Amino acid sequence: MFMSKEKDDTFKIPMMPIRDVVIFPHKLIPFVVGREPSVRALEEALRRDKRILLATQHDATVDDPKGEEIYPVGTVSNIVQSLRLPDGNVRVLMEGLERARILHLENNEGYYQATAQLTTLKIANPSAYESIMTQASSLFEQYVKLSQNLNYETMIAAVKVDDPQKLADTIADNLSIPVEEKQQLLEIASPIDCLNRIIEILDIEIEKLHMDRSIQNRVKKQMERAQKEYYLNEKIKAIQKELGRKDEKSELDELKKQIETSGMPKEVLKKALEELKKLEMMPPMSAESTVSRNYLDWLLAVPWKRRTKEIRNLEIAEKVLAEDHYGLEKVKERIVEFLAVRQLVKNPRGSILCFVGAPGVGKTSLGQSVARATGRKFVRLSLGGVRDEAEIRGHRRTYIGALPGQIIQMMKKAGTKNPVFLLDEVDKMSMDFRGDPSAALMEVLDPELNHSFVDHYLDVEYDLSQVFFICTANVIHTIPQPLQDRMEVIRLSGYTEPEKLEIAKRFLVRKQLGHTGLKPEQLEFNDGALRDIIEYYTREAGVRNLEREIGSVCRKVARKVVKDEVKAQVVVTPENLNNFLGVRKFRNQKSEEKNEVGLTMGLAWTEVGGEILSTEATLMQGKGKLTLTGKLGDVMQESAQAAMSYVRSRTETFGIAKDFYRHFDIHIHVPEGSIPKDGPSAGITMATTLVSVLTGIPVRRDVAMTGEITLRGKVLPIGGLKEKVLAAHRAGITTVILPRDNERDLADIPPEIQKAFHLYFVDNMDEVLKIALAEPLVPKNHPADAILDMPQDFEPPIKEEGPPSSQHDSMTH
């Protein structure tokens, strides 16, 4: 293929630098000339042959470019029109003619004059390049269709040419590409090379346009959806406005106002405002907006600064406690002491008390009385059966349906930051794979830590230091030791019978009359009837069952009143009590009628109060086997073994044959065998029983005892003294033997009860036996010697016992 080049002549021509545009041959373009050198070059060209060289400068911001700041290839152009404007600028219309390379630039009287050379290559046979021209034209047609800036008909007509150079220049001039790329196309001298480069550019640009159109369509759909939602939201707002409801914007503004006036600490306020900003960015109906809104609602619901004014008048507190509870003088005194300290300290820390006592002694109601005495709000949280740590601390917001823990929920219910918070049944918590709630509770009940309690849901620090925490428990040993250390334990022992009688007369009867709609002139309980209810129909340390039985009587009378079967006041007496409550539920635990060998009265503590517990033993021919029955626990069986070892070590003192255990068996039994019993406090009872049965000396029927025994016969202290002494009092026992170390616990026993007893405090078993045995120990004529001479078919008599009862659960230390 032959390509010819025009005569390679150099020529001098005025040169004008242009900005942000590249002039191609065959291109008509208007623009305004304003720079002084450019105006002079234009005037010189007009004076000559209207020919001027237009070359693009590198940086459009430079007003006076140097030679090296101008591209070396430009376009020789013809000045078609020129018009001088009033401001001195010149409007011109230029037509590109041919490419030219600048060989040299010189400043000629204030304008650039270039020595240039034409660079256009002429193609001898253009038809040979028809295929590449067709490809370029086809791609340009696609480009025009996709482009929104070009007129389709005009562009298609412009590219219908047979000259490859003209086709390349036309397409290059109409491409939306940077100036640098257009300049590169201008500097390509060969039309074929220029077309190949244009085809590459068109492929890329068409791909970009396809992508732009796809994005545009997607954006358009989203905009249409957004416009639809906006329209519907506006319509909803209009409807809500007609209905008198607030729109979303006003709700968010009100929410922001509530957050700013809630009294939150700075860190919490910052987090709440950040969450509000997120909520504003979310669509109202999205799931995330519901989560954020619920979180903000909880932050606002919790009291941050509101507190109840506390009543610190001790007289009012004492009056309220006396009105609500009879007895419990020691407990009331401790509560008043706490209130007195709070009155002296300006900013006291939250108090943490733990009431420990049997069911029905008034632990929960005592917490309510404390709230009433101090003028605080009262909230109660039952922890019985709680085994999930999240019940205390809550769940994190990432979980569906997450909520704060019960501590925060109860604080919301209280509405103040200083309520009386009752944690009920704290001894009945448990743990599993979900965590240990008692460990989480340690932060709540620690005065050094609860000022910055963090709930998993709120995830901010909350101050619990002003809360008056009161815990309740039936037993203390099931509460973890670290949790016990954080509480001030106050023990509530059981009520005495006189106290129960007074409580029934002052509170329970009046309360049940009100619940059943009866009036005092319609029903009356005399003291004897109330005593019988206490003694024969209830067996408890508290008064819950007593109230229930009184309520049962009231309901039966109410039924008769409604049926008009009663004309006068009904008086409940011991004689007619069984008509209302039926057969007595409990037998009267009284001491034995006569002194007996091998039968000793012990004292036991249970969760519902004290009980008397007889211990009996018998001898049988055998080979020294010791049998223990009565569903005894391990500790109680070990006490029996220790008592047996003690007796064997003192055979000479007690007048017992040294080898008695080789000839007969001993059976120790504790009646009411269906009820589990355990604890070390029956040690001296079993030792006394063994000595009695081996010596044949009876035990005094009016004596009861309790105490742990050692192998050397020492008597160790026990617990539950008050309950045990009260049980002995109910049974009519007049003499009680107690360990010496328990003498300090006498202060817990009412003085009138102490006066009814002969209380003996002992250090060893010798003192116990001197008091308990009906006769002094004699080393001669003991039954062990007699048993050796007894016939083989001899059977010792066994004392008959009445039916077992379910009066207590255990015999504990």
# chains A, B, ... in the order shown; residues from 1 in each chain; ligands from 1
call {"tool": "residues_around", "arguments": {"residues": "segment 144-157 of chain A", "least_positions_apart": "4", "cutoff": "12 Å", "atoms": "only C-alpha atoms", "output": "VMD selection string"}}
result
chain A and resid 136 to 140 161 167 170 to 176 202 205 to 214
call {"tool": "select_by_dssp", "arguments": {"residues": "segment 555-742 of chain A", "states": "alpha helix (DSSP H)", "output": "PyMOL selection string"}}
result
chain A and resi 555-562+577-581+634-649+651-654+683-695+721-730
call {"tool": "write_last_selection", "arguments": {"atoms": "C-alpha atoms", "output": "PDB file, in the first residue's frame"}}
result
ATOM      1  CA  ARG A 555     -65.265 -18.043 105.381  1.00  0.00           C
ATOM      2  CA  LYS A 556     -67.432 -20.673 107.037  1.00  0.00           C
ATOM      3  CA  VAL A 557     -69.117 -18.001 109.154  1.00  0.00           C
ATOM      4  CA  ALA A 558     -69.558 -15.793 106.081  1.00  0.00           C
ATOM      5  CA  ARG A 559     -71.350 -18.648 104.319  1.00  0.00           C
ATOM      6  CA  LYS A 560     -73.755 -18.982 107.227  1.00  0.00           C
ATOM      7  CA  VAL A 561     -74.336 -15.210 107.274  1.00  0.00           C
ATOM      8  CA  VAL A 562     -75.191 -15.203 103.570  1.00  0.00           C
ATOM      9  CA  LEU A 577     -63.409 -24.982 117.125  1.00  0.00           C
ATOM     10  CA  ASN A 578     -63.453 -28.464 115.599  1.00  0.00           C
ATOM     11  CA  ASN A 579     -66.822 -27.614 113.986  1.00  0.00           C
ATOM     12  CA  PHE A 580     -64.985 -25.029 111.859  1.00  0.00           C
ATOM     13  CA  LEU A 581     -61.571 -26.590 111.345  1.00  0.00           C
ATOM     14  CA  ASP A 634     -24.489 -38.896 108.162  1.00  0.00           C
ATOM     15  CA  VAL A 635     -23.649 -36.273 110.796  1.00  0.00           C
ATOM     16  CA  MET A 636     -26.228 -37.673 113.215  1.00  0.00           C
ATOM     17  CA  GLN A 637     -24.966 -41.246 112.709  1.00  0.00           C
ATOM     18  CA  GLU A 638     -21.421 -40.069 113.427  1.00  0.00           C
ATOM     19  CA  SER A 639     -22.707 -38.438 116.633  1.00  0.00           C
ATOM     20  CA  ALA A 640     -24.147 -41.823 117.673  1.00  0.00           C
ATOM     21  CA  GLN A 641     -20.786 -43.508 116.977  1.00  0.00           C
ATOM     22  CA  ALA A 642     -18.988 -40.843 119.037  1.00  0.00           C
ATOM     23  CA  ALA A 643     -21.460 -41.317 121.916  1.00  0.00           C
ATOM     24  CA  MET A 644     -20.958 -45.099 121.795  1.00  0.00           C
ATOM     25  CA  SER A 645     -17.176 -44.715 121.860  1.00  0.00           C
ATOM     26  CA  TYR A 646     -17.445 -42.330 124.801  1.00  0.00           C
ATOM     27  CA  VAL A 647     -19.601 -44.776 126.796  1.00  0.00           C
ATOM     28  CA  ARG A 648     -17.221 -47.687 126.103  1.00  0.00           C
ATOM     29  CA  SER A 649     -14.278 -45.560 127.272  1.00  0.00           C
ATOM     30  CA  THR A 651     -17.421 -48.331 131.490  1.00  0.00           C
ATOM     31  CA  GLU A 652     -15.767 -48.442 134.905  1.00  0.00           C
ATOM     32  CA  THR A 653     -17.160 -45.045 135.881  1.00  0.00           C
ATOM     33  CA  PHE A 654     -20.656 -46.020 134.780  1.00  0.00           C
ATOM     34  CA  GLY A 683     -24.807 -36.067 120.662  1.00  0.00           C
ATOM     35  CA  ILE A 684     -25.441 -35.721 124.423  1.00  0.00           C
ATOM     36  CA  THR A 685     -28.999 -37.019 123.978  1.00  0.00           C
ATOM     37  CA  MET A 686     -27.738 -40.268 122.446  1.00  0.00           C
ATOM     38  CA  ALA A 687     -24.960 -40.632 125.043  1.00  0.00           C
ATOM     39  CA  THR A 688     -27.481 -40.203 127.886  1.00  0.00           C
ATOM     40  CA  THR A 689     -29.792 -42.769 126.269  1.00  0.00           C
ATOM     41  CA  LEU A 690     -26.949 -45.287 125.951  1.00  0.00           C
ATOM     42  CA  VAL A 691     -25.855 -44.838 129.583  1.00  0.00           C
ATOM     43  CA  SER A 692     -29.479 -45.219 130.731  1.00  0.00           C
ATOM     44  CA  VAL A 693     -30.130 -48.428 128.801  1.00  0.00           C
ATOM     45  CA  LEU A 694     -26.791 -49.992 129.834  1.00  0.00           C
ATOM     46  CA  THR A 695     -27.097 -49.073 133.512  1.00  0.00           C
ATOM     47  CA  LEU A 721     -31.187 -22.058 120.850  1.00  0.00           C
ATOM     48  CA  LYS A 722     -34.275 -19.838 120.987  1.00  0.00           C
ATOM     49  CA  GLU A 723     -36.364 -22.121 118.803  1.00  0.00           C
ATOM     50  CA  LYS A 724     -35.326 -25.199 120.785  1.00  0.00           C
ATOM     51  CA  VAL A 725     -36.119 -23.624 124.158  1.00  0.00           C
ATOM     52  CA  LEU A 726     -39.522 -22.493 122.876  1.00  0.00           C
ATOM     53  CA  ALA A 727     -40.228 -26.059 121.737  1.00  0.00           C
ATOM     54  CA  ALA A 728     -39.389 -27.327 125.256  1.00  0.00           C
ATOM     55  CA  HIS A 729     -41.706 -24.698 126.718  1.00  0.00           C
ATOM     56  CA  ARG A 730     -44.580 -25.846 124.496  1.00  0.00           C
TER      57      ARG A 730
END
call {"tool": "closest_residue", "arguments": {"among": "A:Gly622, A:Glu540, A:Pro676, A:Pro164", "to": "Phe586 of chain A", "atoms": "only C-alpha atoms"}}
result
A:Glu540
call {"tool": "closest_residue", "arguments": {"among": "A:Asn474, A:Ser131, A:Thr710, A:Asn108", "to": "Ala358 of chain A", "atoms": "only C-alpha atoms"}}
result
A:Asn474
call {"tool": "residues_around", "arguments": {"residues": "segment 491-501 of chain A", "least_positions_apart": "3", "cutoff": "9 Å", "atoms": "only C-alpha atoms", "output": "ChimeraX atom specification"}}
result
/A:326-328,330-331,354-358,360-363,504-506,527,530-531,534-535,540-543,546,608-610,720,722-723,726,730,748,750,753
call {"tool": "closest_residue", "arguments": {"among": "A:Glu98, A:Glu36, A:Asp766, A:Asp162", "to": "Leu53 of chain A", "atoms": "only C-alpha atoms"}}
result
A:Glu98
call {"tool": "atom_distance", "arguments": {"atom1": "atom CA of Glu318 of chain A", "atom2": "atom CA of Val336 of chain A"}}
result
7.0 Å
call {"tool": "residues_around", "arguments": {"residues": "Pro25 of chain A", "least_positions_apart": "3", "cutoff": "10 Å", "atoms": "only C-alpha atoms", "output": "NGL selection string"}}
result
:A and (28 or 74-77 or 95-99 or 165-166 or 168-170 or 173 or 186)
call {"tool": "write_last_selection", "arguments": {"atoms": "C-alpha atoms", "output": "PDB file, in the first residue's frame"}}
result
ATOM      1  CA  LEU A  28     -15.397  24.761  13.124  1.00  0.00           C
ATOM      2  CA  GLY A  74      -1.202  21.965  16.825  1.00  0.00           C
ATOM      3  CA  THR A  75      -3.599  22.733  14.002  1.00  0.00           C
ATOM      4  CA  VAL A  76      -3.179  25.287  11.246  1.00  0.00           C
ATOM      5  CA  SER A  77      -6.533  27.049  11.196  1.00  0.00           C
ATOM      6  CA  GLU A  95     -11.789  26.231  11.041  1.00  0.00           C
ATOM      7  CA  GLY A  96      -9.090  23.599  11.468  1.00  0.00           C
ATOM      8  CA  LEU A  97      -7.154  22.786   8.296  1.00  0.00           C
ATOM      9  CA  GLU A  98      -4.090  20.602   8.897  1.00  0.00           C
ATOM     10  CA  ARG A  99      -1.830  19.231  11.615  1.00  0.00           C
ATOM     11  CA  GLN A 165      -8.292  11.174   8.040  1.00  0.00           C
ATOM     12  CA  LYS A 166     -11.484  13.173   8.083  1.00  0.00           C
ATOM     13  CA  ALA A 168     -10.734   9.977  12.476  1.00  0.00           C
ATOM     14  CA  ASP A 169     -10.692  13.720  13.119  1.00  0.00           C
ATOM     15  CA  THR A 170     -14.496  13.952  13.267  1.00  0.00           C
ATOM     16  CA  ASP A 173     -13.366  15.761  18.100  1.00  0.00           C
ATOM     17  CA  LEU A 186      -3.936  14.889  17.315  1.00  0.00           C
TER      18      LEU A 186
END
call {"tool": "select_by_dssp", "arguments": {"residues": "segment 44-148 of chain A", "states": "strand (DSSP E or B)", "output": "PyMOL selection string"}}
result
chain A and resi 51-57+70+73-84+90-108+111-118+121-123
call {"tool": "atom_distance", "arguments": {"atom1": "atom CA of Leu523 of chain A", "atom2": "atom CA of Val570 of chain A"}}
result
4.8 Å
call {"tool": "residues_around", "arguments": {"residues": "segment 67-73 of chain A", "least_positions_apart": "4", "cutoff": "8 Å", "atoms": "only C-alpha atoms", "output": "compact mmCIF listing (two decimals) with all heavy atoms, in the first residue's frame"}}
result
# COMPACT_ATOMS: atom_id res chain seq x y z
N PRO A 17 -1.64 30.18 21.75
CA PRO A 17 -1.96 29.07 22.69
C PRO A 17 -3.43 29.14 23.11
O PRO A 17 -3.98 30.22 23.32
CB PRO A 17 -1.01 29.32 23.85
CG PRO A 17 -0.70 30.77 23.80
CD PRO A 17 -0.76 31.19 22.36
N ALA A 55 -2.33 25.90 19.17
CA ALA A 55 -1.72 24.80 19.95
C ALA A 55 -2.20 24.89 21.40
O ALA A 55 -2.30 25.98 21.97
CB ALA A 55 -0.20 24.85 19.89
N THR A 56 -2.52 23.75 21.99
CA THR A 56 -3.06 23.70 23.36
C THR A 56 -1.92 23.78 24.37
O THR A 56 -0.87 23.16 24.20
CB THR A 56 -3.83 22.39 23.57
OG1 THR A 56 -4.82 22.26 22.54
CG2 THR A 56 -4.52 22.38 24.94
N GLN A 57 -2.15 24.56 25.45
CA GLN A 57 -1.15 24.66 26.51
C GLN A 57 -1.40 23.59 27.57
O GLN A 57 -2.51 23.13 27.76
CB GLN A 57 -1.16 26.05 27.13
CG GLN A 57 -2.45 26.43 27.84
CD GLN A 57 -2.46 27.88 28.31
OE1 GLN A 57 -2.34 28.80 27.48
NE2 GLN A 57 -2.60 28.06 29.62
N HIS A 58 -0.32 23.17 28.27
CA HIS A 58 -0.42 22.08 29.25
C HIS A 58 -1.35 22.45 30.41
O HIS A 58 -2.27 21.71 30.75
CB HIS A 58 0.97 21.76 29.81
CG HIS A 58 1.87 21.16 28.77
ND1 HIS A 58 3.19 20.88 29.01
CD2 HIS A 58 1.66 20.81 27.47
CE1 HIS A 58 3.75 20.37 27.93
NE2 HIS A 58 2.84 20.33 26.98
N ASP A 59 -1.12 23.59 31.02
CA ASP A 59 -1.86 24.01 32.21
C ASP A 59 -2.77 25.16 31.86
O ASP A 59 -2.30 26.25 31.48
CB ASP A 59 -0.89 24.40 33.32
CG ASP A 59 -1.59 24.65 34.65
OD1 ASP A 59 -2.84 24.60 34.69
OD2 ASP A 59 -0.90 24.90 35.65
N ARG A 99 -2.74 19.36 10.49
CA ARG A 99 -1.83 19.23 11.62
C ARG A 99 -0.49 19.86 11.27
O ARG A 99 -0.04 19.78 10.12
CB ARG A 99 -1.62 17.77 11.98
CG ARG A 99 -2.83 17.08 12.60
CD ARG A 99 -2.53 15.59 12.75
NE ARG A 99 -3.58 14.89 13.49
CZ ARG A 99 -4.73 14.51 12.97
NH1 ARG A 99 -5.00 14.76 11.69
NH2 ARG A 99 -5.64 13.89 13.73
N ALA A 100 0.15 20.40 12.31
CA ALA A 100 1.50 20.96 12.09
C ALA A 100 2.29 20.81 13.38
O ALA A 100 1.76 20.96 14.49
CB ALA A 100 1.43 22.42 11.69
N ARG A 101 3.60 20.51 13.23
CA ARG A 101 4.48 20.35 14.37
C ARG A 101 5.31 21.61 14.53
O ARG A 101 5.89 22.12 13.56
CB ARG A 101 5.38 19.14 14.20
CG ARG A 101 6.38 18.94 15.36
CD ARG A 101 7.15 17.67 15.19
NE ARG A 101 6.28 16.51 15.27
CZ ARG A 101 5.87 15.94 16.41
NH1 ARG A 101 6.28 16.45 17.56
NH2 ARG A 101 5.09 14.91 16.37
N ILE A 102 5.38 22.14 15.70
CA ILE A 102 6.17 23.34 15.98
C ILE A 102 7.64 22.94 16.11
O ILE A 102 8.00 22.13 16.97
CB ILE A 102 5.67 24.03 17.27
CG1 ILE A 102 4.18 24.42 17.13
CG2 ILE A 102 6.53 25.23 17.61
CD1 ILE A 102 3.56 24.95 18.41
N LEU A 103 8.44 23.52 15.26
CA LEU A 103 9.88 23.24 15.32
C LEU A 103 10.61 24.26 16.17
O LEU A 103 11.59 23.92 16.86
CB LEU A 103 10.48 23.24 13.90
CG LEU A 103 9.82 22.22 12.91
CD1 LEU A 103 10.45 22.36 11.53
CD2 LEU A 103 9.99 20.80 13.41
N LEU A 105 9.86 28.24 18.38
CA LEU A 105 8.99 29.35 18.79
C LEU A 105 9.85 30.56 19.11
O LEU A 105 10.89 30.42 19.77
CB LEU A 105 8.16 28.98 20.04
CG LEU A 105 6.79 28.32 19.84
CD1 LEU A 105 6.16 28.05 21.19
CD2 LEU A 105 5.88 29.17 18.98
N LEU A 186 -4.36 13.86 18.27
CA LEU A 186 -3.94 14.89 17.31
C LEU A 186 -2.49 14.66 16.87
O LEU A 186 -2.15 14.94 15.70
CB LEU A 186 -4.08 16.28 17.95
CG LEU A 186 -3.72 17.48 17.06
CD1 LEU A 186 -4.72 17.58 15.91
CD2 LEU A 186 -3.71 18.76 17.87
N GLU A 187 -1.67 14.15 17.77
CA GLU A 187 -0.26 13.98 17.45
C GLU A 187 0.02 12.73 16.63
O GLU A 187 1.14 12.52 16.17
CB GLU A 187 0.56 13.93 18.75
CG GLU A 187 0.55 15.26 19.51
CD GLU A 187 1.30 15.20 20.82
OE1 GLU A 187 1.86 14.11 21.11
OE2 GLU A 187 1.35 16.21 21.53
call {"tool": "closest_residue", "arguments": {"among": "A:Ile408, A:Leu422, A:Ala414, A:Ile612", "to": "Phe453 of chain A", "atoms": "only C-alpha atoms"}}
result
A:Ile408
call {"tool": "atom_distance", "arguments": {"atom1": "atom CA of Gln227 of chain A", "atom2": "atom CA of Arg293 of chain A"}}
result
24.7 Å
call {"tool": "residues_around", "arguments": {"residues": "segment 432-442 of chain A", "least_positions_apart": "5", "cutoff": "8 Å", "atoms": "only C-alpha atoms", "output": "JSON, numbers by chain"}}
result
{"A": [386, 387, 388, 389, 390, 391, 392, 393, 480, 482, 483, 486]}
call {"tool": "residues_around", "arguments": {"residues": "segment 423-426 of chain A", "least_positions_apart": "3", "cutoff": "6 Å", "atoms": "only C-alpha atoms", "output": "ChimeraX atom specification"}}
result
/A:381-384,471-473
call {"tool": "decode", "arguments": {"residues": "segment 153-166 of chain A", "atoms": "N, CA and C atoms", "output": "PDB file, in the first residue's frame"}}
result
ATOM      1  N   GLU A 153     -28.648  12.161  14.608  1.00  0.00           N
ATOM      2  CA  GLU A 153     -28.701  12.376  13.154  1.00  0.00           C
ATOM      3  C   GLU A 153     -27.497  13.182  12.670  1.00  0.00           C
ATOM      4  N   THR A 154     -27.144  14.201  13.425  1.00  0.00           N
ATOM      5  CA  THR A 154     -26.024  15.063  13.015  1.00  0.00           C
ATOM      6  C   THR A 154     -24.713  14.283  13.003  1.00  0.00           C
ATOM      7  N   MET A 155     -24.497  13.500  14.033  1.00  0.00           N
ATOM      8  CA  MET A 155     -23.243  12.761  14.129  1.00  0.00           C
ATOM      9  C   MET A 155     -23.146  11.679  13.058  1.00  0.00           C
ATOM     10  N   ILE A 156     -24.245  10.982  12.777  1.00  0.00           N
ATOM     11  CA  ILE A 156     -24.214   9.930  11.760  1.00  0.00           C
ATOM     12  C   ILE A 156     -23.927  10.531  10.393  1.00  0.00           C
ATOM     13  N   ALA A 157     -24.507  11.691  10.121  1.00  0.00           N
ATOM     14  CA  ALA A 157     -24.235  12.361   8.827  1.00  0.00           C
ATOM     15  C   ALA A 157     -22.785  12.818   8.750  1.00  0.00           C
ATOM     16  N   ALA A 158     -22.227  13.216   9.858  1.00  0.00           N
ATOM     17  CA  ALA A 158     -20.857  13.741   9.841  1.00  0.00           C
ATOM     18  C   ALA A 158     -19.831  12.656   9.564  1.00  0.00           C
ATOM     19  N   VAL A 159     -20.127  11.401   9.983  1.00  0.00           N
ATOM     20  CA  VAL A 159     -19.126  10.344   9.786  1.00  0.00           C
ATOM     21  C   VAL A 159     -19.313   9.583   8.486  1.00  0.00           C
ATOM     22  N   LYS A 160     -20.265   9.989   7.666  1.00  0.00           N
ATOM     23  CA  LYS A 160     -20.424   9.352   6.359  1.00  0.00           C
ATOM     24  C   LYS A 160     -19.466   9.977   5.354  1.00  0.00           C
ATOM     25  N   VAL A 161     -18.221   9.677   5.492  1.00  0.00           N
ATOM     26  CA  VAL A 161     -17.149  10.228   4.636  1.00  0.00           C
ATOM     27  C   VAL A 161     -16.294   9.082   4.148  1.00  0.00           C
ATOM     28  N   ASP A 162     -15.569   9.328   3.039  1.00  0.00           N
ATOM     29  CA  ASP A 162     -14.686   8.302   2.466  1.00  0.00           C
ATOM     30  C   ASP A 162     -13.239   8.496   2.874  1.00  0.00           C
ATOM     31  N   ASP A 163     -12.897   9.628   3.443  1.00  0.00           N
ATOM     32  CA  ASP A 163     -11.514   9.935   3.793  1.00  0.00           C
ATOM     33  C   ASP A 163     -11.240   9.443   5.222  1.00  0.00           C
ATOM     34  N   PRO A 164     -10.288   8.515   5.400  1.00  0.00           N
ATOM     35  CA  PRO A 164      -9.985   8.016   6.752  1.00  0.00           C
ATOM     36  C   PRO A 164      -9.549   9.115   7.703  1.00  0.00           C
ATOM     37  N   GLN A 165      -8.787  10.101   7.174  1.00  0.00           N
ATOM     38  CA  GLN A 165      -8.292  11.174   8.040  1.00  0.00           C
ATOM     39  C   GLN A 165      -9.441  12.026   8.553  1.00  0.00           C
ATOM     40  N   LYS A 166     -10.354  12.350   7.679  1.00  0.00           N
ATOM     41  CA  LYS A 166     -11.484  13.173   8.083  1.00  0.00           C
ATOM     42  C   LYS A 166     -12.379  12.422   9.071  1.00  0.00           C
TER      43      LYS A 166
END
